[in-house]
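> Structure file final.cif, mmCIF, C-alpha atoms, is pasted below:
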```cif
data_input
loop_
_atom_site.label_atom_id
_atom_site.label_comp_id
_atom_site.auth_asym_id
_atom_site.auth_seq_id
_atom_site.Cartn_x
_atom_site.Cartn_y
_atom_site.Cartn_z
CA MET F 1105 0.00 0.00 0.00
CA ARG F 1106 1.42 3.36 -0.99
CA GLY F 1107 1.63 6.34 1.34
CA ARG F 1108 0.03 9.74 0.85
CA LEU F 1109 3.23 11.38 -0.31
CA MET F 1110 3.83 8.63 -2.85
CA GLU F 1111 0.26 9.06 -4.14
CA ARG F 1112 0.74 12.82 -4.43
CA ASP F 1113 4.05 12.46 -6.24
CA LEU F 1114 2.55 9.93 -8.64
CA SER F 1115 -0.45 12.13 -9.38
CA LEU F 1116 1.85 15.07 -10.09
CA ARG F 1117 4.03 12.79 -12.23
CA MET F 1118 7.06 13.62 -10.12
CA ILE F 1119 8.07 9.94 -9.94
CA PRO F 1120 8.01 7.95 -13.17
CA PRO F 1121 7.03 4.28 -12.82
CA ARG F 1122 9.36 1.59 -14.17
CA VAL F 1123 7.90 -1.84 -14.75
CA THR F 1124 10.31 -4.71 -14.12
CA GLY F 1125 8.69 -8.08 -14.60
CA LYS F 1126 5.48 -8.17 -12.58
CA GLN F 1127 6.47 -5.31 -10.27
CA SER F 1128 6.25 -1.57 -10.66
CA GLU F 1129 9.13 0.37 -9.21
CA TYR F 1130 8.84 4.06 -8.47
CA SER F 1131 12.16 5.84 -8.28
CA HIS F 1132 14.38 8.49 -9.83
CA GLN F 1133 17.89 8.12 -11.05
CA PRO F 1134 20.28 10.62 -9.41
CA SER F 1135 20.59 12.61 -12.63
CA GLU F 1136 16.80 12.83 -12.94
CA MET F 1137 16.53 14.10 -9.36
CA ARG F 1138 19.04 16.92 -10.00
CA LEU F 1139 17.31 17.94 -13.23
CA LEU F 1140 13.91 17.87 -11.55
CA ARG F 1141 15.18 19.91 -8.59
CA ASP F 1142 16.93 22.47 -10.81
CA SER F 1143 13.98 22.88 -13.17
CA SER F 1144 11.47 23.33 -10.35
CA ALA F 1145 13.67 25.90 -8.57
CA SER F 1146 14.24 27.97 -11.71
CA GLY F 1147 10.57 27.63 -12.63
CA GLN F 1148 9.54 28.98 -9.25
CA ARG F 1149 11.88 31.94 -9.59
CA THR F 1150 10.53 32.87 -13.02
CA LEU F 1151 6.98 32.27 -11.80
CA LYS F 1152 7.51 34.64 -8.86
CA SER F 1153 9.09 37.35 -10.98
CA SER F 1154 6.42 37.12 -13.68
CA SER F 1155 3.58 37.23 -11.14
CA PHE F 1156 5.21 40.25 -9.47
CA ALA F 1157 5.44 42.03 -12.82
CA GLU F 1158 1.81 41.22 -13.61
CA SER F 1159 0.72 42.43 -10.18
CA SER F 1160 2.61 45.69 -10.64
CA GLN F 1161 0.96 46.27 -14.00
CA LYS F 1162 -2.49 45.54 -12.57
CA LYS F 1163 -1.83 47.95 -9.70
CA GLU F 1164 -0.82 50.73 -12.10
CA ALA F 1165 -3.88 50.11 -14.29
CA LEU F 1166 -6.16 50.24 -11.26
CA GLN F 1167 -4.56 53.47 -10.03
CA LYS F 1168 -5.15 55.04 -13.46
CA SER F 1169 -8.78 53.93 -13.53
CA ILE F 1170 -9.31 55.39 -10.04
CA GLU F 1171 -7.92 58.70 -11.19
CA LYS F 1172 -10.15 58.68 -14.28
CA SER F 1173 -13.24 57.89 -12.24
CA LYS F 1174 -12.54 60.79 -9.85
CA ILE F 1175 -12.77 63.25 -12.73
CA GLY F 1176 -16.23 64.84 -12.67
CA ARG F 1177 -16.96 63.60 -9.14
CA GLU F 1178 -15.55 66.51 -7.25
CA ASP F 1179 -17.57 67.46 -4.18
CA THR F 1180 -19.54 70.52 -5.21
CA ALA F 1181 -22.76 72.06 -3.97
CA GLU F 1182 -24.52 71.08 -7.20
CA ARG F 1183 -23.44 67.44 -6.86
CA ALA F 1184 -24.57 67.32 -3.22
CA ALA F 1185 -27.97 68.73 -4.23
CA LEU F 1186 -28.32 66.14 -6.98
CA ILE F 1187 -27.43 63.32 -4.56
CA GLU F 1188 -30.10 64.55 -2.11
CA GLU F 1189 -32.65 64.76 -4.92
CA LEU F 1190 -31.77 61.22 -6.03
CA ALA F 1191 -32.27 59.91 -2.49
CA ALA F 1192 -35.65 61.65 -2.25
CA LEU F 1193 -36.76 60.21 -5.60
CA ARG F 1194 -35.71 56.70 -4.56
CA GLN F 1195 -37.70 57.03 -1.36
CA LYS F 1196 -40.75 58.24 -3.28
CA LYS F 1197 -40.40 55.30 -5.68
CA GLU F 1198 -40.44 52.86 -2.73
CA GLN F 1199 -43.56 54.54 -1.32
CA LEU F 1200 -45.34 54.27 -4.67
CA LYS F 1201 -44.39 50.60 -4.98
CA ALA F 1202 -45.81 49.95 -1.51
CA GLU F 1203 -49.05 51.69 -2.47
CA ILE F 1204 -49.33 49.66 -5.68
CA ASP F 1205 -48.79 46.44 -3.72
CA LYS F 1206 -51.57 47.51 -1.35
CA TYR F 1207 -54.07 47.58 -4.25
CA ARG F 1208 -52.72 44.49 -6.00
CA GLU F 1209 -55.73 42.42 -4.96
CA CYS F 1210 -57.98 44.63 -7.10
CA ASP F 1211 -55.92 44.06 -10.25
CA PRO F 1212 -58.07 42.39 -12.94
CA ASP F 1213 -55.25 40.01 -13.89
CA VAL F 1214 -54.85 38.88 -10.28
CA ILE F 1215 -58.61 38.40 -9.93
CA GLU F 1216 -58.73 36.29 -13.11
CA GLU F 1217 -55.80 34.21 -11.86
CA MET F 1218 -57.62 33.61 -8.57
CA ARG F 1219 -60.75 32.52 -10.48
CA GLN F 1220 -58.73 30.02 -12.51
CA THR F 1221 -57.09 28.67 -9.35
CA ASN F 1222 -60.47 28.28 -7.67
CA LYS F 1223 -61.86 26.47 -10.72
CA ILE F 1224 -58.97 23.98 -10.70
CA ALA F 1225 -59.34 23.40 -6.95
CA LYS F 1226 -63.10 22.81 -7.34
CA GLU F 1227 -62.52 20.25 -10.11
CA ALA F 1228 -59.93 18.46 -7.98
CA ALA F 1229 -62.27 18.35 -4.96
CA ASN F 1230 -65.09 16.93 -7.09
CA ARG F 1231 -62.72 14.33 -8.56
CA TRP F 1232 -61.74 13.17 -5.05
CA THR F 1233 -65.39 13.08 -4.00
CA ASP F 1234 -66.20 10.94 -7.03
CA ASN F 1235 -63.32 8.59 -6.14
CA ILE F 1236 -64.64 8.25 -2.57
CA PHE F 1237 -68.12 7.38 -3.83
CA SER F 1238 -66.63 4.84 -6.25
CA ILE F 1239 -64.64 3.12 -3.49
CA LYS F 1240 -67.69 3.08 -1.20
CA SER F 1241 -69.84 1.39 -3.85
CA TRP F 1242 -67.06 -1.13 -4.60
CA ALA F 1243 -66.72 -1.97 -0.88
CA LYS F 1244 -70.52 -2.42 -0.57
CA ARG F 1245 -70.59 -4.81 -3.55
CA LYS F 1246 -67.41 -6.69 -2.69
CA PHE F 1247 -67.74 -7.08 1.07
CA GLY F 1248 -71.43 -6.38 1.69
CA PHE F 1249 -70.75 -3.55 4.18
CA GLU F 1250 -73.40 -1.01 5.04
CA GLU F 1251 -72.77 2.51 3.86
CA SER F 1252 -72.88 3.95 7.40
CA ARG F 1253 -70.30 1.41 8.58
CA ILE F 1254 -67.92 2.38 5.72
CA ASP F 1255 -68.40 6.08 6.51
CA LYS F 1256 -67.70 5.51 10.19
CA SER F 1257 -64.65 3.27 9.58
CA PHE F 1258 -62.95 5.68 7.21
CA GLY F 1259 -64.08 8.96 8.82
CA ILE F 1260 -66.18 10.05 5.86
CA PRO F 1261 -68.66 12.79 6.83
CA GLU F 1262 -72.35 12.02 6.28
CA ASP F 1263 -72.92 15.27 4.39
CA LEU F 1264 -70.15 14.62 1.81
CA ASP F 1265 -71.33 15.83 -1.59
CA TYR F 1266 -70.03 17.42 -4.79
CA ILE F 1267 -69.18 21.13 -4.84
CA ASP F 1268 -71.33 23.23 -7.14
#
```
Any chance you could put this one into C-alpha cells?

Amino acid sequence: MRGRLMERDLSLRMIPPRVTGKQSEYSHQPSEMRLLRDSSASGQRTLKSSSFAESSQKKEALQKSIEKSKIGREDTAERAALIEELAALRQKKEQLKAEIDKYRECDPDVIEEMRQTNKIAKEAANRWTDNIFSIKSWAKRKFGFEESRIDKSFGIPEDLDYID
C-alpha cells in the first residue's frame, strides 16, 4: 500500500514508474533528481518574478482607472444637491411601490388568476369526491358492508357531496 506522499508524487508525475517483470518500481535516477530539482527551482523563480510584474501592471492600471473615475466627481454644492434629490426620488419610488402592492388584490389580472385557481381546486375536490363514492360502492358490492359502517370506519362525513 502506498503512502500519501507517494500518491501525491505519482499524481503530479514527479516519480516515473518503471515496470520490471510483474512489479512496478517508483524511483528516480540521481541525474533525474538533480534535473527535476533544478527545473522546479528555476521555474519557481521565473513564476515569482512574472507574477510580481503582472501584479505591478495591474496595480498601475487600477490606479489610473481610479484617477479617471474621480474626474467629474468633485464634491460641489450642485453634486450634493443632486445626490439629495436622487435619495428623495428613490424614497418616493419605494412609497409608490408599496401603495401599488396595497391595491394588488384589485388588479383584474390577479382576480382572473384567482378565479382560474379556484376552478382547478373545485374540479380536484369533485374528482376526489367521485373517487370516494366509487370506493364506497365497490366496498358495498365486494364485502357487503353497510354505507354507514364504511363512513364511520374511514371517517367520511355524512354530508359529503359534490361542490357546485
> How far is it from CA of Ala1229 (chain F) to CA of Phe1247 (chain F), in Å with one decimal?
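Between CA of Ala1229 (chain F) and CA of Phe1247 (chain F) the gap is 26.7 Å.
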> Please measure the separation of CA of Glu1250 (chain F) and CA of Tyr1266 (chain F), giving the value in Å to one decimal.
21.2 Å
> Just give me the gap between CA of Asn1222 (chain F) and CA of Asp1234 (chain F) in Å, one decimal is fine.
18.3 Å
> Contacts of Asp1268 (chain F) at 10 Å or less, counting only C-alpha atoms, minus same-chain residues fewer than 5 places along, as a PyMOL selection string?
chain F and resi 1226-1227+1230
> Could those residues be written to a file, using C-alpha atoms, as a short mmCIF file (atom, residue, chain, number, x, y, z; two decimals), in the frame of the given file?

```cif
data_model
loop_
_atom_site.label_atom_id
_atom_site.label_comp_id
_atom_site.auth_asym_id
_atom_site.auth_seq_id
_atom_site.Cartn_x
_atom_site.Cartn_y
_atom_site.Cartn_z
CA LYS F 1226 -63.10 22.81 -7.34
CA GLU F 1227 -62.52 20.25 -10.11
CA ASN F 1230 -65.09 16.93 -7.09
#
```
